[in-house]
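Novice: Compact mmCIF, C-alpha atoms, file model-v6.txt:
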```txt
# COMPACT_ATOMS: atom_id res chain seq x y z
CA MET V 771 0.00 0.00 0.00
CA LEU V 772 2.81 2.36 0.91
CA GLU V 773 4.39 1.64 -2.45
CA THR V 774 1.17 2.66 -4.22
CA TYR V 775 1.16 5.94 -2.32
CA LEU V 776 4.82 6.62 -3.11
CA LYS V 777 4.27 5.94 -6.80
CA LEU V 778 1.24 8.24 -6.85
CA ILE V 779 3.22 10.97 -5.09
CA TRP V 780 6.07 10.63 -7.57
CA ALA V 781 3.71 10.80 -10.57
CA TYR V 782 1.89 13.88 -9.28
CA LEU V 783 5.10 15.62 -8.22
CA LYS V 784 6.17 15.41 -11.86
CA ILE V 785 2.79 16.63 -13.11
CA GLY V 786 2.89 19.57 -10.70
CA LEU V 787 6.47 20.54 -11.49
CA PHE V 788 6.48 20.16 -15.24
CA GLY V 789 2.96 21.12 -16.16
CA PHE V 790 3.22 24.57 -17.66
CA GLY V 791 0.46 26.60 -19.18
CA GLY V 792 -2.40 25.29 -17.09
CA GLY V 793 -5.43 23.17 -17.88
CA TYR V 794 -5.43 21.31 -21.14
CA ALA V 795 -1.75 21.91 -21.75
CA MET V 796 -1.21 19.56 -18.80
CA LEU V 797 -3.46 16.84 -20.18
CA SER V 798 -0.85 14.98 -22.21
CA LEU V 799 1.53 14.98 -19.24
CA ILE V 800 -1.17 13.64 -16.92
CA GLN V 801 -2.09 11.03 -19.49
CA ARG V 802 1.49 9.85 -19.82
CA GLU V 803 1.90 9.53 -16.07
CA VAL V 804 -1.34 7.85 -15.11
CA VAL V 805 -2.45 5.93 -18.22
CA ASP V 806 0.86 4.81 -19.68
CA SER V 807 2.04 3.63 -16.28
CA GLY V 808 -1.08 1.51 -15.93
CA TRP V 809 -2.85 3.29 -13.06
CA ILE V 810 -6.06 3.61 -15.00
CA THR V 811 -7.33 2.64 -18.44
CA SER V 812 -7.48 5.20 -21.22
CA GLN V 813 -11.28 4.87 -21.15
CA MET V 814 -11.23 5.96 -17.51
CA PHE V 815 -8.96 8.84 -18.40
CA THR V 816 -11.45 10.04 -21.00
CA ASP V 817 -14.16 9.79 -18.32
CA ILE V 818 -12.11 11.93 -15.95
CA VAL V 819 -11.59 14.56 -18.64
CA ALA V 820 -15.33 14.59 -19.34
CA ILE V 821 -16.15 14.92 -15.64
CA SER V 822 -13.60 17.71 -15.29
CA GLN V 823 -15.36 19.60 -18.03
CA MET V 824 -18.65 19.23 -16.20
CA THR V 825 -17.47 20.17 -12.73
CA PRO V 826 -15.80 23.37 -11.60
CA GLY V 827 -12.13 23.57 -10.89
CA PRO V 828 -8.83 23.01 -12.65
CA ILE V 829 -8.38 19.70 -14.45
CA GLY V 830 -5.04 19.16 -12.72
CA ILE V 831 -6.82 19.12 -9.35
CA ASN V 832 -9.81 17.15 -10.60
CA SER V 833 -7.71 14.36 -12.07
CA ALA V 834 -5.49 14.18 -8.98
CA THR V 835 -8.48 13.93 -6.63
CA TYR V 836 -10.26 11.34 -8.77
CA ILE V 837 -7.27 9.12 -9.53
CA GLY V 838 -6.06 9.29 -5.93
CA TYR V 839 -9.39 7.92 -4.76
CA VAL V 840 -9.82 5.32 -7.48
CA VAL V 841 -6.31 3.89 -7.17
CA THR V 842 -6.16 3.67 -3.36
CA GLY V 843 -9.88 3.36 -2.62
CA SER V 844 -9.62 5.89 0.20
CA VAL V 845 -10.13 9.59 0.80
CA LEU V 846 -6.57 9.77 2.10
CA GLY V 847 -5.36 8.79 -1.36
CA SER V 848 -7.12 11.68 -3.05
CA LEU V 849 -5.92 14.07 -0.36
CA VAL V 850 -2.33 12.93 -0.91
CA THR V 851 -2.43 13.25 -4.72
CA THR V 852 -4.20 16.63 -4.58
CA LEU V 853 -1.67 18.07 -2.13
CA THR V 854 1.22 16.59 -4.08
CA VAL V 855 0.20 18.20 -7.35
CA VAL V 856 -0.27 21.57 -5.64
CA LEU V 857 2.68 21.75 -3.27
CA PRO V 858 5.76 22.12 -5.54
CA PRO V 859 4.25 24.89 -7.70
CA PHE V 860 2.85 26.49 -4.53
CA ILE V 861 6.37 26.79 -3.08
CA LEU V 862 7.95 27.97 -6.36
CA THR V 863 5.23 30.55 -6.98
CA LEU V 864 5.54 31.80 -3.41
CA ILE V 865 9.31 32.22 -3.76
CA ALA V 866 8.89 34.10 -7.05
CA SER V 867 6.16 36.26 -5.55
CA HIS V 868 8.29 37.13 -2.49
CA TYR V 869 11.30 37.95 -4.63
CA ILE V 870 9.26 40.25 -6.81
CA GLN V 871 7.55 42.02 -3.87
CA ARG V 872 10.96 42.69 -2.35
CA HIS V 873 12.55 44.00 -5.53
CA LYS V 874 9.52 45.87 -6.79
CA GLN V 875 11.47 49.09 -7.20
CA SER V 876 14.46 47.57 -8.99
CA PRO V 877 14.84 48.68 -12.61
CA PHE V 878 14.75 45.10 -13.81
CA ILE V 879 11.43 44.20 -12.18
CA LYS V 880 9.87 47.54 -13.12
CA GLY V 881 11.02 47.27 -16.73
CA ALA V 882 10.19 43.58 -17.02
CA PHE V 883 6.59 44.15 -15.92
CA MET V 884 6.26 47.05 -18.31
CA GLY V 885 7.07 44.64 -21.13
CA LEU V 886 5.07 41.78 -19.63
CA ARG V 887 1.74 43.60 -19.37
CA PRO V 888 1.02 43.66 -23.11
CA VAL V 889 2.24 40.06 -23.38
CA VAL V 890 -0.20 38.92 -20.66
CA VAL V 891 -3.04 40.58 -22.59
CA GLY V 892 -1.92 38.47 -25.56
CA LEU V 893 -1.84 35.33 -23.41
CA ILE V 894 -5.43 35.86 -22.28
CA ALA V 895 -6.45 36.49 -25.90
CA SER V 896 -4.74 33.27 -27.00
CA ALA V 897 -6.62 31.32 -24.32
CA ALA V 898 -9.88 32.72 -25.71
CA LEU V 899 -8.89 31.88 -29.30
CA LEU V 900 -7.91 28.33 -28.40
CA LEU V 901 -11.32 27.74 -26.78
CA MET V 902 -13.25 28.89 -29.85
CA ASN V 903 -13.63 25.34 -31.15
CA SER V 904 -16.35 22.82 -31.92
CA GLU V 905 -16.08 21.27 -28.50
CA ASN V 906 -17.29 24.51 -26.93
CA PHE V 907 -19.54 25.78 -29.72
CA GLY V 908 -21.05 22.54 -31.06
CA TYR V 909 -20.57 20.63 -34.29
CA LEU V 910 -23.90 21.36 -35.96
CA MET V 911 -24.80 24.60 -37.66
CA ASN V 912 -28.06 25.22 -35.76
CA GLU V 913 -26.30 24.44 -32.50
CA ARG V 914 -23.57 26.92 -33.31
CA ILE V 915 -26.03 29.74 -33.95
CA ILE V 916 -27.33 29.33 -30.39
CA THR V 917 -23.92 28.94 -28.77
CA ILE V 918 -22.51 31.97 -30.59
CA ALA V 919 -25.57 33.96 -29.45
CA ILE V 920 -24.94 32.84 -25.84
CA CYS V 921 -21.28 33.83 -26.17
CA VAL V 922 -22.04 37.29 -27.59
CA ALA V 923 -24.78 37.96 -25.03
CA SER V 924 -22.51 36.83 -22.16
CA PHE V 925 -19.74 39.07 -23.41
CA CYS V 926 -22.03 42.11 -23.60
CA ILE V 927 -23.38 41.50 -20.09
CA VAL V 928 -19.93 41.08 -18.54
CA TYR V 929 -18.28 43.88 -20.45
CA PHE V 930 -20.98 46.56 -20.46
CA THR V 931 -22.86 45.94 -17.20
CA ARG V 932 -22.03 45.36 -13.54
CA VAL V 933 -23.71 41.94 -13.51
CA HIS V 934 -21.49 39.40 -11.75
CA PRO V 935 -19.75 36.85 -14.05
CA ILE V 936 -20.94 34.02 -11.78
CA LEU V 937 -24.53 35.05 -12.51
CA VAL V 938 -23.70 35.00 -16.23
CA ILE V 939 -22.49 31.39 -15.93
CA ILE V 940 -25.67 30.39 -14.08
CA LEU V 941 -27.88 32.14 -16.67
CA ALA V 942 -25.97 30.48 -19.53
CA GLY V 943 -26.49 27.09 -17.87
CA ILE V 944 -30.23 27.71 -17.53
CA THR V 945 -30.36 28.87 -21.16
CA GLY V 946 -28.61 25.67 -22.23
CA LEU V 947 -31.08 23.56 -20.27
CA LEU V 948 -34.06 25.32 -21.86
CA VAL V 949 -32.78 25.57 -25.43
CA PHE V 950 -30.95 22.31 -26.15
CA MET X 1333 -6.97 40.88 10.62
CA ASN X 1334 -8.43 37.39 10.79
CA ASN X 1335 -11.29 38.74 8.84
CA LEU X 1336 -9.17 39.32 5.73
CA TYR X 1337 -7.90 35.71 5.84
CA LEU X 1338 -11.47 34.47 6.02
CA GLN X 1339 -12.52 36.84 3.24
CA LEU X 1340 -9.64 35.63 1.06
CA PHE X 1341 -10.63 32.02 1.67
CA LEU X 1342 -14.32 32.61 0.99
CA THR X 1343 -13.67 34.75 -2.10
CA PHE X 1344 -11.45 32.10 -3.64
CA CYS X 1345 -13.94 29.37 -2.68
CA LYS X 1346 -16.50 31.26 -4.70
CA ILE X 1347 -14.03 31.66 -7.57
CA GLY X 1348 -13.07 27.97 -7.42
CA ALA X 1349 -16.67 26.81 -7.37
CA PHE X 1350 -17.52 28.69 -10.56
CA THR X 1351 -14.38 28.22 -12.60
CA PHE X 1352 -15.11 26.01 -15.55
CA GLY X 1353 -12.42 25.51 -18.15
CA GLY X 1354 -9.19 26.28 -16.33
CA GLY X 1355 -7.26 29.21 -14.92
CA TRP X 1356 -7.92 31.76 -17.66
CA ALA X 1357 -11.66 31.40 -17.18
CA MET X 1358 -11.18 32.64 -13.61
CA ILE X 1359 -9.93 36.02 -14.67
CA SER X 1360 -13.32 37.71 -15.13
CA ILE X 1361 -14.52 36.48 -11.75
CA ILE X 1362 -11.26 37.33 -9.97
CA GLN X 1363 -11.21 40.77 -11.55
CA ARG X 1364 -14.78 41.44 -10.39
CA GLU X 1365 -14.16 40.14 -6.85
CA ILE X 1366 -10.60 41.27 -6.11
CA VAL X 1367 -10.21 44.43 -8.21
CA ASP X 1368 -13.76 45.87 -8.52
CA LYS X 1369 -15.54 44.71 -5.36
CA HIS X 1370 -12.91 44.40 -2.61
CA LYS X 1371 -10.46 46.80 -4.28
CA TRP X 1372 -7.60 44.75 -2.87
CA ILE X 1373 -5.35 45.42 -5.86
CA GLU X 1374 -5.40 47.58 -8.99
CA LEU X 1375 -6.02 46.12 -12.42
CA GLU X 1376 -2.49 46.98 -13.55
CA GLU X 1377 -0.95 45.10 -10.65
CA PHE X 1378 -3.34 42.22 -11.27
CA LEU X 1379 -1.71 41.88 -14.71
CA ASP X 1380 1.75 41.76 -13.13
CA LEU X 1381 0.61 39.03 -10.75
CA LEU X 1382 -0.89 37.08 -13.67
CA ALA X 1383 2.50 37.22 -15.41
CA VAL X 1384 4.16 35.73 -12.33
CA ALA X 1385 1.50 33.02 -11.95
CA GLN X 1386 1.77 32.04 -15.61
CA SER X 1387 5.59 31.87 -15.49
CA MET X 1388 5.56 29.24 -12.76
CA PRO X 1389 4.84 25.56 -13.39
CA GLY X 1390 1.71 23.90 -12.06
CA ILE X 1391 -1.96 24.65 -12.06
CA LEU X 1392 -2.60 28.21 -13.19
CA ALA X 1393 -5.71 28.68 -11.03
CA VAL X 1394 -3.77 27.73 -7.90
CA ASN X 1395 -0.78 29.89 -8.85
CA ILE X 1396 -3.03 32.91 -9.37
CA SER X 1397 -4.55 32.45 -5.90
CA VAL X 1398 -1.06 32.05 -4.39
CA VAL X 1399 0.29 35.31 -5.84
CA ILE X 1400 -2.82 37.28 -4.85
CA GLY X 1401 -2.93 35.75 -1.36
CA ASP X 1402 0.76 36.43 -0.87
CA ARG X 1403 0.49 39.98 -2.13
CA LEU X 1404 -2.28 40.71 0.38
CA LYS X 1405 -1.37 38.67 3.46
CA GLY X 1406 1.90 36.84 2.87
CA LEU X 1407 2.31 33.11 3.36
CA LYS X 1408 -0.85 32.62 5.41
CA GLY X 1409 -2.85 34.60 2.90
CA SER X 1410 -1.61 32.49 0.03
CA ILE X 1411 -2.48 29.28 1.91
CA CYS X 1412 -6.03 30.58 2.58
CA ALA X 1413 -6.49 31.56 -1.06
CA ALA X 1414 -5.06 28.31 -2.45
CA ILE X 1415 -7.18 26.11 -0.19
CA GLY X 1416 -10.22 28.18 -1.14
CA THR X 1417 -9.56 27.56 -4.83
CA ILE X 1418 -8.97 23.83 -4.40
CA LEU X 1419 -11.67 22.92 -1.88
CA PRO X 1420 -14.86 23.16 -4.00
CA SER X 1421 -13.51 21.00 -6.83
CA PHE X 1422 -11.83 18.58 -4.42
CA LEU X 1423 -15.10 17.96 -2.55
CA MET X 1424 -17.15 17.68 -5.70
CA ILE X 1425 -14.81 15.24 -7.45
CA LEU X 1426 -14.48 13.19 -4.28
CA ALA X 1427 -18.26 12.97 -4.00
CA ILE X 1428 -18.47 11.84 -7.63
CA ALA X 1429 -15.68 9.29 -7.16
CA ILE X 1430 -17.32 7.85 -4.04
CA PHE X 1431 -21.00 7.94 -4.91
CA LEU X 1432 -21.33 7.97 -8.68
CA THR X 1433 -19.95 6.18 -11.68
CA PRO X 1434 -18.55 8.46 -14.41
CA ASP X 1435 -21.43 7.49 -16.69
CA THR X 1436 -24.04 9.05 -14.40
CA ILE X 1437 -22.49 12.45 -15.02
CA LYS X 1438 -21.16 11.99 -18.52
CA ASN X 1439 -24.36 10.67 -20.06
CA ASN X 1440 -26.77 12.72 -18.00
CA PRO X 1441 -28.86 14.68 -20.53
CA VAL X 1442 -29.71 17.48 -18.10
CA VAL X 1443 -26.08 18.06 -17.11
CA SER X 1444 -24.89 17.95 -20.71
CA ARG X 1445 -27.53 20.49 -21.79
CA ILE X 1446 -26.54 22.86 -19.00
CA PHE X 1447 -22.92 22.61 -20.07
CA LYS X 1448 -23.70 23.22 -23.73
CA GLY X 1449 -24.89 26.62 -22.50
CA ILE X 1450 -22.04 27.25 -20.06
CA ARG X 1451 -19.13 26.52 -22.41
CA PRO X 1452 -19.68 29.39 -24.88
CA ALA X 1453 -20.30 31.74 -21.91
CA VAL X 1454 -16.92 30.76 -20.47
CA VAL X 1455 -15.27 31.78 -23.74
CA ALA X 1456 -16.97 35.18 -23.41
CA LEU X 1457 -15.65 35.44 -19.85
CA ILE X 1458 -12.13 35.14 -21.26
CA VAL X 1459 -12.68 37.58 -24.14
CA ALA X 1460 -13.99 40.37 -21.87
CA PRO X 1461 -10.82 40.72 -19.73
CA VAL X 1462 -8.72 40.93 -22.90
CA LEU X 1463 -10.30 44.33 -23.53
CA THR X 1464 -10.33 45.55 -19.92
CA THR X 1465 -6.73 44.50 -19.27
CA ALA X 1466 -5.60 46.04 -22.56
CA LYS X 1467 -6.59 49.41 -21.13
CA ALA X 1468 -4.74 48.75 -17.88
CA ALA X 1469 -1.65 47.61 -19.79
CA GLY X 1470 -1.64 50.99 -21.53
CA ILE X 1471 -2.00 49.49 -24.97
CA ASN X 1472 -2.40 52.00 -27.80
CA TRP X 1473 -2.45 51.82 -31.59
CA LYS X 1474 1.30 51.47 -31.66
CA THR X 1475 1.72 48.75 -29.06
CA VAL X 1476 -1.36 46.72 -30.01
CA ILE X 1477 0.89 44.65 -32.27
CA ILE X 1478 2.43 42.99 -29.19
CA PRO X 1479 -0.68 41.27 -27.75
CA VAL X 1480 -2.03 40.51 -31.25
CA ALA X 1481 1.24 38.87 -32.34
CA VAL X 1482 1.55 36.94 -29.06
CA ALA X 1483 -2.05 35.68 -29.26
CA LEU X 1484 -1.76 34.58 -32.90
CA LEU X 1485 1.64 32.91 -32.49
CA ILE X 1486 0.44 30.90 -29.48
CA TYR X 1487 -2.79 30.07 -31.34
CA SER X 1488 -0.75 28.88 -34.35
CA LYS X 1489 0.09 25.67 -32.42
CA ILE X 1490 3.44 25.54 -34.26
CA PRO X 1491 5.88 23.55 -32.12
CA TYR X 1492 8.13 25.77 -29.97
CA ILE X 1493 6.71 29.00 -31.50
CA SER X 1494 3.39 28.42 -29.71
CA ASN X 1495 5.02 28.05 -26.30
CA PRO X 1496 3.84 30.96 -24.10
CA ILE X 1497 7.05 30.91 -22.04
CA ILE X 1498 8.97 32.39 -25.01
CA TYR X 1499 6.82 35.52 -24.99
CA ILE X 1500 7.04 35.94 -21.23
CA VAL X 1501 10.85 35.87 -21.44
CA LEU X 1502 10.90 38.20 -24.49
CA GLY X 1503 8.41 40.57 -22.85
CA ALA X 1504 10.45 40.80 -19.65
CA ILE X 1505 13.76 41.36 -21.45
CA GLY X 1506 12.21 43.79 -23.96
CA GLY X 1507 10.54 45.74 -21.16
CA TYR X 1508 13.80 45.97 -19.23
CA ILE X 1509 15.74 47.26 -22.22
CA TYR X 1510 13.00 49.78 -22.94
CA TYR X 1511 12.97 50.93 -19.32
CA LEU X 1512 16.76 51.37 -19.25
CA ARG X 1513 16.58 53.48 -22.40
CA THR X 1514 13.95 55.78 -20.91
CA LEU X 1515 16.10 56.06 -17.77
CA ILE X 1516 19.12 57.09 -19.80
CA GLY X 1517 16.86 59.86 -21.01
CA GLY X 1518 16.68 59.39 -24.74
CA ASN X 1519 13.69 60.64 -26.67
CA ASN X 1520 10.74 58.58 -25.44
CA ARG X 1521 8.92 58.58 -28.72
CA ALA X 1522 11.90 57.40 -30.73
CA ASP X 1523 12.51 54.74 -28.13
CA SER X 1524 9.02 53.36 -28.26
CA ASP X 1525 9.35 53.06 -32.04
CA ASN X 1526 12.60 51.15 -31.70
CA GLN X 1527 11.03 48.99 -29.06
CA GLU X 1528 8.21 48.05 -31.35
CA GLU X 1529 10.50 47.20 -34.23
CA ARG X 1530 12.63 45.11 -31.92
CA LYS X 1531 9.53 43.29 -30.72
CA GLU X 1532 8.29 42.60 -34.19
CA THR X 1533 11.59 41.22 -35.42
CA ALA X 1534 11.86 39.17 -32.25
CA ASP X 1535 8.40 37.75 -32.82
CA ALA X 1536 9.06 37.00 -36.47
```
Output the file's structure in the form of structure tokens.

Specialist:
Amino acid sequence: MLETYLKLIWAYLKIGLFGFGGGYAMLSLIQREVVDSGWITSQMFTDIVAISQMTPGPIGINSATYIGYVVTGSVLGSLVTTLTVVLPPFILTLIASHYIQRHKQSPFIKGAFMGLRPVVVGLIASAALLLMNSENFGYLMNERIITIAICVASFCIVYFTRVHPILVIILAGITGLLVF
Amino acid sequence: MNNLYLQLFLTFCKIGAFTFGGGWAMISIIQREIVDKHKWIELEEFLDLLAVAQSMPGILAVNISVVIGDRLKGLKGSICAAIGTILPSFLMILAIAIFLTPDTIKNNPVVSRIFKGIRPAVVALIVAPVLTTAKAAGINWKTVIIPVAVALLIYSKIPYISNPIIYIVLGAIGGYIYYLRTLIGGNNRADSDNQEERKETADA
């Protein structure tokens, strides 16, 4: 049993440390660690991805929690995998954050952030572009008309009004339930 | 004092519970909660923190909560924020793993209809902050080439070229060089032109 836990910890340490870019960029890494090493079948992995898309939260966390429970059969297992995937990046991010707070006034940090701000805007835009696919907007033409309408309406509400984005998500869910 | 820790935890719980589709989808909600409502940080600084979060490995959503928690309340703040982000999805996935088989969720017609509506809305929640942060980043007609080029090159999915890390490194170095030049006291306008050309050639 201990061996199972150690192997899980090792796999999720790697996922946490080498998964850059968040979310779906991490998927292939997770797949390599947990499917190719025989923890779960690839069918189960597809299930986990599908569940992740239908529950809130980052897929890195979702897969860790789910696989930790399924492999060990106990809540402790999912707690261990979830903490393992979070801890290394938590420490690294904290160190980076501390360093930057301390050297806020240094010319390098000041200048670097000046150049980084427009890049971050581009990063957010790229995330939006990458999500404009059939998986999110449907494969059929009549489906797409509705989903594009939902997208445009959501954008207008969030951008032009003070309505909370969480409310927009809830409204979009209700719309989906009524329309599809 | 304790109150702010609790507020951080609860705010990020709320953010974690409604984040579908990864870290970038959180930005609209975080911006509304942290920048607009609580006024804990300014939008411009939020962008800087996003750059730090994105540069580190691991789960973006967690990294964002760590940098914001740390900025506000140090180590304890970042722990509160990170646990807040993780807890809702941890509990929900655990409940599914214990009580349900994947098929109950995956092939549930009601759930799948709800999510057909939510997914395009999530895309809108990522498009909106592009425009609001562009203002905070001081983007004008001259510098708009930077975010546009970065977005398209990452979107291109060309190996290596589409790796976001490249543009973070280039942005930081480019910004530093630009800042040094303005410090030396050259003509600002001429410098910003040079900067842009440098960027474009670097991107190409």

Novice: Could you name the residues that touch stretch 831-847 of chain V at 8 Å or less, counting only C-alpha atoms, but leaving out those on the same chain fewer than 4 positions away, as a PyMOL selection string?

Specialist: (chain V and resi 771+774-775+778+782+809-810+818-819+822+827+851-852+855-856) or (chain X and resi 1391+1418+1421-1422+1425-1426+1429-1430)

Novice: For X:Asn1440, which of V:Leu947, V:Leu864, V:Leu783, V:Phe815 is the closest residue, counting only C-alpha atoms?

Specialist: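 Among V:Leu947, V:Leu864, V:Leu783, V:Phe815, it is V:Leu947 that comes nearest to X:Asn1440.
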
Novice: To one decimal place in Å, what is the distance between atom CA of X:Lys1489 and atom CA of X:Ile1361?

Specialist: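 Computing it gives 27.5 Å between the two atoms.
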
Novice: Near stretch 924-931 of chain V, counting all atoms listed in the file, which residues have an atom at most 8 Å away, once you skip same-chain residues fewer than 3 positions from it, shown as a PyMOL selection string?

Specialist: (chain V and resi 920-921+934-935+938+942) or (chain X and resi 1453+1456-1457+1459-1460)

Novice: Can you tell me which residues surround X:Gln1339 at a distance of at most 12 Å, considering only C-alpha atoms, apart from same-chain residues fewer than 4 positions away, and format the answer as an mmCIF file with C-alpha atoms, keeping the file's coordinate frame?

Specialist:
```cif
data_model
loop_
_atom_site.group_PDB
_atom_site.id
_atom_site.type_symbol
_atom_site.label_atom_id
_atom_site.label_comp_id
_atom_site.auth_asym_id
_atom_site.auth_seq_id
_atom_site.Cartn_x
_atom_site.Cartn_y
_atom_site.Cartn_z
ATOM 1 C CA MET X 1333 -6.970 40.880 10.620
ATOM 2 C CA ASN X 1334 -8.430 37.390 10.790
ATOM 3 C CA ASN X 1335 -11.290 38.740 8.840
ATOM 4 C CA THR X 1343 -13.670 34.750 -2.100
ATOM 5 C CA PHE X 1344 -11.450 32.100 -3.640
ATOM 6 C CA CYS X 1345 -13.940 29.370 -2.680
ATOM 7 C CA LYS X 1346 -16.500 31.260 -4.700
ATOM 8 C CA GLU X 1365 -14.160 40.140 -6.850
ATOM 9 C CA ILE X 1366 -10.600 41.270 -6.110
ATOM 10 C CA HIS X 1370 -12.910 44.400 -2.610
ATOM 11 C CA TRP X 1372 -7.600 44.750 -2.870
ATOM 12 C CA GLY X 1401 -2.930 35.750 -1.360
ATOM 13 C CA LEU X 1404 -2.280 40.710 0.380
ATOM 14 C CA LYS X 1405 -1.370 38.670 3.460
ATOM 15 C CA GLY X 1409 -2.850 34.600 2.900
ATOM 16 C CA CYS X 1412 -6.030 30.580 2.580
ATOM 17 C CA ALA X 1413 -6.490 31.560 -1.060
ATOM 18 C CA GLY X 1416 -10.220 28.180 -1.140
#
```

Novice: One decimal, Å: what's the distance from atom CA of X:Val1501 over to atom CA of V:Ala882, could you say?

Specialist: 8.9 Å

Novice: Which residue gives the smallest distance to X:Val1384 among X:Arg1403, X:Val1476, X:Arg1364, X:Leu1463, with all atoms listed in the file counted?

Specialist: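 When distances to X:Val1384 are compared using all atoms listed in the file, the smallest one comes from X:Arg1403.
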
Novice: Which is closest to chain X among V:Trp780, V:Tyr909, V:Phe950, V:Tyr869, if we use only C-alpha atoms?

Specialist: V:Phe950

Novice: Just give me the gap between atom CA of V:Met902 and atom CA of X:Arg1451 in Å, one decimal is fine.

Specialist: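 According to the coordinates, atom CA of V:Met902 and atom CA of X:Arg1451 are separated by 9.8 Å.
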
Novice: Given the choices V:Ala897, V:Val804, V:Ile918, V:Gly885, which gets closest to chain X if the distance is worked out from all atoms listed in the file?

Specialist: V:Gly885
